[in-house]
Amino acid sequence: MLKSWKSILLGMSAVLSSAAVIMVLLSGIFASALASQSASSVTGNVVVNSACTISLSNTLLSFGGSAGVAPGTLSAANVVLDTNDGNAPSWIWSAAGNWIGPQTSDTGNFLESNTVYGATSNPITPESSASANTVIFLPAPTLDSPTSNSIYFAVNVPVGTAAGVFLQTITITNIC
Amino acid sequence: MAINRTAALLFIATAILAASAYFASADLGMVAGPLNFNVSVGGHETLQFRAFNSGSQPILFNVVPPTFTAIANQSTPSVTITPSNGTIAPHSELTFNVTVNVPGKDRQGDFWDNIIQVVELSNVTNTNGATVLEGVGKEISITSAPAKTDYPLIIGSIIAAALIICASALHLNRHRRRSPEARAAPAKGAAAVSRPGGRTSQSRRRTRKRAASSKTPGRRGRKTKARPSTTGKKTARRRRRPAR
């Protein structure tokens with residue numbers, strides 16, 4: 001009887017020891033698997049360009065509103081907010097075309113130089129057909145903080161200009 | 001009170017929508033940095049720049065090339081930009097090639113500068129007042145450099161000239177060596193053709209003359225050549241004599 005108990009105990013101890021050996025082996029396999037996983041990490045990099053962008057608050061300017069502008073007078077100024085969403089500083093340049101009137105002949109039009117621009121609500125610099133530096137600066141934006149600046153426009157309607165609707169195209173460019 | 005709250009909420013919602021619309025419109029951009037050309041007189045150079053569209057809508061654009069202030073008695077460089085118009089797809093960029101040609105008549109050290117613009121074309125038609133177009137751009141400067149010396153071309157020309165001279169010299173030398181007999185050769189050849197395999201009467205006469213002249217003293221060298229009819233014995237005797 002005693003012998004049989006001994007044999008049972010021996011058998012159990014043998015089973016336990018073999019289980020322990022298997023556990024040790026498995027832990028080693030898992031450890032090596034984990035180690036191999038950590039060795040296959042990926043390194044990423046990105047080169048960020050230096051750039052500037054443009055965004056204008058309004059792209060249609062109606063001088064004088066519905067009341068219009070009388071010949072020989074200067075309209076009230078319209079403001080355009082220019083925003084740079086990039087990361088490089090930029091200068092605002094501007095150019096304009098002639099005012100095209102309702103008459104088919106050129107005699108009904110007037111020159112682009114009657115439009116004036118500036119950094120304040122009293123603009124005085126005449127527009128030209130060739131793009132020119134307004135000397136209005138947009139500093140380099142910082143993270144999530146775009147920079148903006150205002151450019152004001154007004155129009156001086158020449159004496160003797162025929163009544164009617166006149167159109168013009170102004171181009172605002174951020175140079176960086 | 002409830003109406004005030006509703007109005008405030010509507011105002012906030014409108015402000016948020018307006019702000020999102022505002023930032024969504026910030027689409028057209030330009031990679032910063034000037035384009036500095038240093039072009040040799042009579043030469044050309046190509047540089048590139050990039051514009052991008054960070055928005056979700058395609059941008060129709062037009063490129064405005066630079067206009068330079070004329071320099072007295074100098075031709076203004078020509079600038080070609082490709083593409084000059086087109087579309088920038090959403091969330092993508094476009095590379096532009098700028099090629100500058102400096103005329104050959106220009107002097108070195110001249111300088112021109114202006115800007116290149118990429119302008120977004122508007123699809124909105126204004127019925128009153130001014131339409132404002134958005135654009136991005138960069139400075140372009142051109143300096144005319146001294147005309148480049150094309151060393152490979154010069155070296156190639158020298159080698160080619162040397163080869164031609166050598167070839168012509170060799171040809172002349174060959175012609176001189178051949179000249180006296182070569183000129184007579186065609187006549188001989190013609191006669192030989194008339195009697196193939198046989199000796200011509202002219203050659204026989206020459207042989208006789210040589211035979212006759214071989215008898216004269218002091219011209220031993222020609223004796224053997226000029227005696228086609230002599231026997232081997234006599235020749236042997238005569239050859240032995242100087243040995244005594």
# chains A, B, ... in the order shown; residues from 1 in each chain; ligands from 1
$ interface_residues --of "chain A" --to "chain B" --cutoff "8 Å" --atoms "only C-alpha atoms" --output "mmCIF file with C-alpha atoms, in the first residue's frame"
data_model
loop_
_atom_site.group_PDB
_atom_site.id
_atom_site.type_symbol
_atom_site.label_atom_id
_atom_site.label_comp_id
_atom_site.auth_asym_id
_atom_site.auth_seq_id
_atom_site.Cartn_x
_atom_site.Cartn_y
_atom_site.Cartn_z
ATOM 1 C CA ASN A 49 8.618 72.830 -46.764
ATOM 2 C CA SER A 50 8.762 76.526 -46.108
ATOM 3 C CA ALA A 51 5.646 77.944 -47.737
ATOM 4 C CA CYS A 52 3.097 80.726 -47.750
ATOM 5 C CA THR A 53 -0.585 80.633 -48.670
ATOM 6 C CA ILE A 54 -3.257 83.181 -49.421
ATOM 7 C CA SER A 55 -6.792 83.539 -48.196
ATOM 8 C CA LEU A 56 -8.820 86.702 -48.741
ATOM 9 C CA SER A 57 -11.795 87.652 -46.585
ATOM 10 C CA ASN A 58 -13.780 88.924 -49.570
ATOM 11 C CA THR A 59 -13.268 88.770 -53.291
ATOM 12 C CA LEU A 60 -16.010 91.178 -54.381
ATOM 13 C CA LEU A 61 -15.701 94.888 -53.627
ATOM 14 C CA SER A 62 -18.702 97.131 -54.199
ATOM 15 C CA PHE A 63 -17.560 100.738 -53.889
ATOM 16 C CA ASP A 85 -1.695 79.882 -43.387
ATOM 17 C CA GLY A 86 1.803 78.687 -44.244
ATOM 18 C CA ALA A 88 6.953 81.560 -44.251
ATOM 19 C CA VAL A 165 -21.933 100.096 -63.567
ATOM 20 C CA PHE A 166 -18.167 99.768 -63.834
ATOM 21 C CA LEU A 167 -16.116 96.632 -63.256
ATOM 22 C CA GLN A 168 -12.482 96.054 -62.408
ATOM 23 C CA THR A 169 -10.232 93.109 -61.582
ATOM 24 C CA ILE A 170 -7.694 93.433 -58.772
ATOM 25 C CA THR A 171 -5.088 90.737 -58.127
ATOM 26 C CA ILE A 172 -3.624 90.363 -54.647
ATOM 27 C CA THR A 173 -0.593 88.109 -54.435
ATOM 28 C CA ASN A 174 1.361 86.859 -51.435
ATOM 29 C CA ILE A 175 5.024 86.709 -52.386
ATOM 30 C CA CYS A 176 7.321 84.428 -50.406
#
$ residues_around --residues "stretch 128-142 of chain A" --least-positions-apart "5" --cutoff "8 Å" --atoms "only C-alpha atoms" --output "JSON, numbers by chain"
{"A": [83, 84, 85, 86, 87, 88, 89, 90, 91, 92, 93, 94, 95, 96, 97, 98, 112, 113, 117, 118, 119, 147, 148, 149, 151]}
$ atom_distance --atom1 "atom CA of A:Ser150" --atom2 "atom CA of A:Asn78"
10.0 Å
$ residues_around --residues "B:Thr82" --least-positions-apart "2" --cutoff "9 Å" --atoms "only C-alpha atoms" --output "PDB file with N, CA and C atoms, in the first residue's frame"
ATOM      1  N   VAL B  63      -0.633  81.469 -64.909  1.00  0.00           N
ATOM      2  CA  VAL B  63       0.676  81.977 -64.482  1.00  0.00           C
ATOM      3  C   VAL B  63       0.916  83.346 -65.108  1.00  0.00           C
ATOM      4  N   THR B  80      10.274  81.507 -69.943  1.00  0.00           N
ATOM      5  CA  THR B  80       9.197  80.591 -70.314  1.00  0.00           C
ATOM      6  C   THR B  80       8.833  79.752 -69.098  1.00  0.00           C
ATOM      7  N   SER B  84       1.674  77.002 -68.143  1.00  0.00           N
ATOM      8  CA  SER B  84       1.309  78.418 -67.988  1.00  0.00           C
ATOM      9  C   SER B  84      -0.113  78.562 -67.442  1.00  0.00           C
ATOM     10  N   ASN B  85      -0.867  77.502 -67.487  1.00  0.00           N
ATOM     11  CA  ASN B  85      -2.209  77.510 -66.889  1.00  0.00           C
ATOM     12  C   ASN B  85      -2.638  76.055 -66.678  1.00  0.00           C
ATOM     13  N   THR B  95       4.565  71.156 -59.981  1.00  0.00           N
ATOM     14  CA  THR B  95       5.907  71.707 -60.217  1.00  0.00           C
ATOM     15  C   THR B  95       5.914  72.476 -61.522  1.00  0.00           C
ATOM     16  N   PHE B  96       6.478  73.664 -61.482  1.00  0.00           N
ATOM     17  CA  PHE B  96       6.569  74.523 -62.663  1.00  0.00           C
ATOM     18  C   PHE B  96       8.038  74.615 -63.086  1.00  0.00           C
ATOM     19  N   ASN B  97       8.271  74.555 -64.385  1.00  0.00           N
ATOM     20  CA  ASN B  97       9.621  74.739 -64.931  1.00  0.00           C
ATOM     21  C   ASN B  97       9.762  76.156 -65.456  1.00  0.00           C
ATOM     22  N   VAL B  98      10.814  76.816 -65.029  1.00  0.00           N
ATOM     23  CA  VAL B  98      11.071  78.187 -65.485  1.00  0.00           C
ATOM     24  C   VAL B  98      12.387  78.177 -66.254  1.00  0.00           C
ATOM     25  N   THR B  99      12.325  78.517 -67.542  1.00  0.00           N
ATOM     26  CA  THR B  99      13.533  78.554 -68.368  1.00  0.00           C
ATOM     27  C   THR B  99      13.827  79.993 -68.763  1.00  0.00           C
TER      28      THR B  99
END
$ atom_distance --atom1 "atom CA of A:Gly68" --atom2 "atom CA of A:Val155"
11.2 Å
$ atom_distance --atom1 "atom CA of A:Asn45" --atom2 "atom CA of B:Ala89"
24.8 Å
$ residues_around --residues "B:Pro90" --least-positions-apart "3" --cutoff "8 Å" --atoms "only C-alpha atoms" --output "VMD selection string"
chain B and resid 53 to 59
$ closest_residue --among "B:Asn62, B:Asn101, B:Asn173, B:Ser92" --to "B:Ser78" --atoms "only C-alpha atoms"
B:Asn101
